[in-house]
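Working notes for the structure below.
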Amino acid sequence: MEIISANLRDLNPLRHLEKKCFPHDAWSILDLIAVLTYPDVIRLKAVQDGKMVGFIAGDPRRAKGFSWIATVGVLPNYRQKGIGRSLLRLCEEQLPTARVRLSVRISNEHAIQLYRQEGYQTINIWESYYNDGTDAVVMEKWRA
């Protein structure tokens, strides 16, 4: 498995990954084009056997004093293998701020556990954030 930069040529594999990882909340085609083209966004993909198996996007928000992990996804058959952790760590390294935030479904216990292990702490709950009414846990990490 290797982690490399993603670009607009990755649109179709990213659409597939989004639908598999987030069946209720997959981003629209316009959102995917934006995340793959917007300046300053860190876009990384995990590739195994020539296939995109994971993706992360980090959005620096210098004026607000933090960066935002906009999305992290790993295809179901490739989870629990350290791919998400590797994507997260590499993205964080490339972000310019000491504070990094993200949101995660309150029901996604595996992801919440991973984020806690990586130093994130819960700072808020956004009620009924997701399309199906599920709450989001907002987490933050201070990097040295």
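Ligands are numbered from 1 in the order shown, chains are lettered A, B, ... in the order of the structure tokens, and residues start at 1 in each chain.
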
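Every protein, DNA or RNA residue with an atom at most 12 Å from Glu109 in chain A, where only C-alpha atoms count and chain neighbours fewer than 5 positions away do not, is listed here: A:Val104, A:Leu114, A:Tyr115, A:Arg116, A:Ala136, A:Val137.
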
Which of chain A fall in helix (DSSP H, G or I), as a VMD selection string: chain A and resid 8 to 21 29 to 37 62 to 64 76 to 78 83 to 94 109 to 117

May I have the selected residues written with C-alpha atoms, as a PDB file, in the first residue's frame?
```pdb
ATOM      1  CA  LEU A   8      -9.115  15.284 -10.454  1.00  0.00           C
ATOM      2  CA  ARG A   9      -8.231  12.083 -12.335  1.00  0.00           C
ATOM      3  CA  ASP A  10      -9.277  10.271  -9.156  1.00  0.00           C
ATOM      4  CA  LEU A  11     -12.880  11.477  -9.388  1.00  0.00           C
ATOM      5  CA  ASN A  12     -14.480   8.153 -10.344  1.00  0.00           C
ATOM      6  CA  PRO A  13     -12.566   6.025  -7.822  1.00  0.00           C
ATOM      7  CA  LEU A  14     -13.372   8.631  -5.155  1.00  0.00           C
ATOM      8  CA  ARG A  15     -17.078   8.535  -6.068  1.00  0.00           C
ATOM      9  CA  HIS A  16     -17.000   4.761  -5.619  1.00  0.00           C
ATOM     10  CA  LEU A  17     -15.194   5.029  -2.281  1.00  0.00           C
ATOM     11  CA  GLU A  18     -17.629   7.675  -1.002  1.00  0.00           C
ATOM     12  CA  LYS A  19     -20.661   5.529  -1.865  1.00  0.00           C
ATOM     13  CA  LYS A  20     -19.158   2.470  -0.152  1.00  0.00           C
ATOM     14  CA  CYS A  21     -17.918   4.317   2.942  1.00  0.00           C
ATOM     15  CA  ILE A  29     -20.178  15.141  -7.637  1.00  0.00           C
ATOM     16  CA  LEU A  30     -19.673  18.897  -7.196  1.00  0.00           C
ATOM     17  CA  ASP A  31     -18.331  18.414  -3.662  1.00  0.00           C
ATOM     18  CA  LEU A  32     -15.929  15.748  -4.923  1.00  0.00           C
ATOM     19  CA  ILE A  33     -14.700  17.958  -7.764  1.00  0.00           C
ATOM     20  CA  ALA A  34     -14.185  20.774  -5.251  1.00  0.00           C
ATOM     21  CA  VAL A  35     -12.199  18.650  -2.806  1.00  0.00           C
ATOM     22  CA  LEU A  36     -10.022  17.386  -5.656  1.00  0.00           C
ATOM     23  CA  THR A  37      -9.307  20.846  -7.083  1.00  0.00           C
ATOM     24  CA  ARG A  62      -5.396  29.533   8.972  1.00  0.00           C
ATOM     25  CA  ALA A  63      -7.651  32.516   9.713  1.00  0.00           C
ATOM     26  CA  LYS A  64      -9.579  30.393  12.223  1.00  0.00           C
ATOM     27  CA  PRO A  76     -14.741  -1.821   4.026  1.00  0.00           C
ATOM     28  CA  ASN A  77     -12.537  -4.748   2.913  1.00  0.00           C
ATOM     29  CA  TYR A  78      -9.394  -2.754   3.743  1.00  0.00           C
ATOM     30  CA  ILE A  83      -4.679   2.570   6.335  1.00  0.00           C
ATOM     31  CA  GLY A  84      -6.912   5.182   7.975  1.00  0.00           C
ATOM     32  CA  ARG A  85      -4.311   5.862  10.661  1.00  0.00           C
ATOM     33  CA  SER A  86      -1.572   6.242   8.044  1.00  0.00           C
ATOM     34  CA  LEU A  87      -3.704   8.619   5.966  1.00  0.00           C
ATOM     35  CA  LEU A  88      -4.545  10.673   9.055  1.00  0.00           C
ATOM     36  CA  ARG A  89      -0.940  10.967  10.214  1.00  0.00           C
ATOM     37  CA  LEU A  90       0.398  11.930   6.799  1.00  0.00           C
ATOM     38  CA  CYS A  91      -2.351  14.495   6.257  1.00  0.00           C
ATOM     39  CA  GLU A  92      -1.739  16.030   9.692  1.00  0.00           C
ATOM     40  CA  GLU A  93       1.985  16.347   8.894  1.00  0.00           C
ATOM     41  CA  GLN A  94       1.137  18.431   5.833  1.00  0.00           C
ATOM     42  CA  GLU A 109     -17.017   3.623  17.471  1.00  0.00           C
ATOM     43  CA  HIS A 110     -13.997   2.294  15.536  1.00  0.00           C
ATOM     44  CA  ALA A 111     -13.216   5.712  14.073  1.00  0.00           C
ATOM     45  CA  ILE A 112     -13.750   7.487  17.402  1.00  0.00           C
ATOM     46  CA  GLN A 113     -11.385   5.028  19.087  1.00  0.00           C
ATOM     47  CA  LEU A 114      -8.766   5.619  16.368  1.00  0.00           C
ATOM     48  CA  TYR A 115      -9.043   9.390  16.721  1.00  0.00           C
ATOM     49  CA  ARG A 116      -8.714   9.166  20.517  1.00  0.00           C
ATOM     50  CA  GLN A 117      -5.625   6.975  20.125  1.00  0.00           C
TER      51      GLN A 117
END
```

Selection: 8 Å around His24 in chain A, only C-alpha atoms, excl. self and same-chain fewer than 2 positions, as a list in words: Phe22, Ala26, Asn131 and Asp132 of chain A

Go ahead and write the residues just picked, C-alpha atoms, as a compact mmCIF listing (two decimals), in the first residue's frame.
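Result file is part.txt:
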```
# COMPACT_ATOMS: atom_id res chain seq x y z
CA PHE A 22 -20.77 6.79 3.40
CA ALA A 26 -21.82 10.44 0.13
CA ASN A 131 -28.77 13.12 6.64
CA ASP A 132 -30.37 10.33 8.65
```

Polymer residues at most 7 Å from Gly73 in chain A, only C-alpha atoms, same-chain spacing of 5 or more positions, as a PyMOL selection string: chain A and resi 21+54-56

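Residue-level DSSP output for range 110-144 of chain A, from the backbone, shows strand (DSSP E or B) at Gln121, Thr122, Ile123, Asn124, Ile125, Trp126, Ala136, Val137, Val138, Met139, Glu140, Lys141 and Trp142 of chain A.
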
Would you kindly return, as a CSV table (one decimal) with C-alpha atoms, in the first residue's frame, each protein, DNA or RNA residue with an atom no farther than 10 Å from any atom of Pro96 in chain A, considering only C-alpha atoms and excluding same-chain residues fewer than 3 positions away?
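In the end it all went to part_11.csv:
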```
chain,number,residue,atom,x,y,z
A,59,ASP,CA,-8.6,21.8,4.7
A,60,PRO,CA,-6.3,24.5,6.2
A,61,ARG,CA,-8.2,27.3,7.8
A,62,ARG,CA,-5.4,29.5,9.0
A,65,GLY,CA,-6.4,28.9,13.7
A,66,PHE,CA,-7.1,25.3,12.9
A,67,SER,CA,-7.3,22.9,10.0
A,92,GLU,CA,-1.7,16.0,9.7
A,93,GLU,CA,2.0,16.3,8.9
A,99,ARG,CA,-5.0,22.5,15.9
A,100,VAL,CA,-6.8,20.0,13.7
```

Polymer residues at most 6 Å from range 45-52 of chain A, only C-alpha atoms, same-chain spacing of 2 or more positions, as a ChimeraX atom specification: /A:1-4,6,54-55

Between CA of Ile125 in chain A and CA of Pro39 in chain A, distance in Å (one decimal): 29.0 Å

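Counting from CA of Ser107 in chain A, the distance to CA of Trp126 in chain A is 12.9 Å.
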
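Closest to Ala57 in chain A among A:Thr97, A:Thr71, A:Asn108, A:Ser5 is A:Thr71, based on only C-alpha atoms.
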
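Coordinates place CA of Arg43 in chain A at a distance of 14.0 Å from CA of Val74 in chain A.
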
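Candidate residues A:Val41, A:Ile106, A:Gly119, A:Asn124 were compared for distance to Lys141 in chain A, and the nearest is A:Gly119, using only C-alpha atoms.
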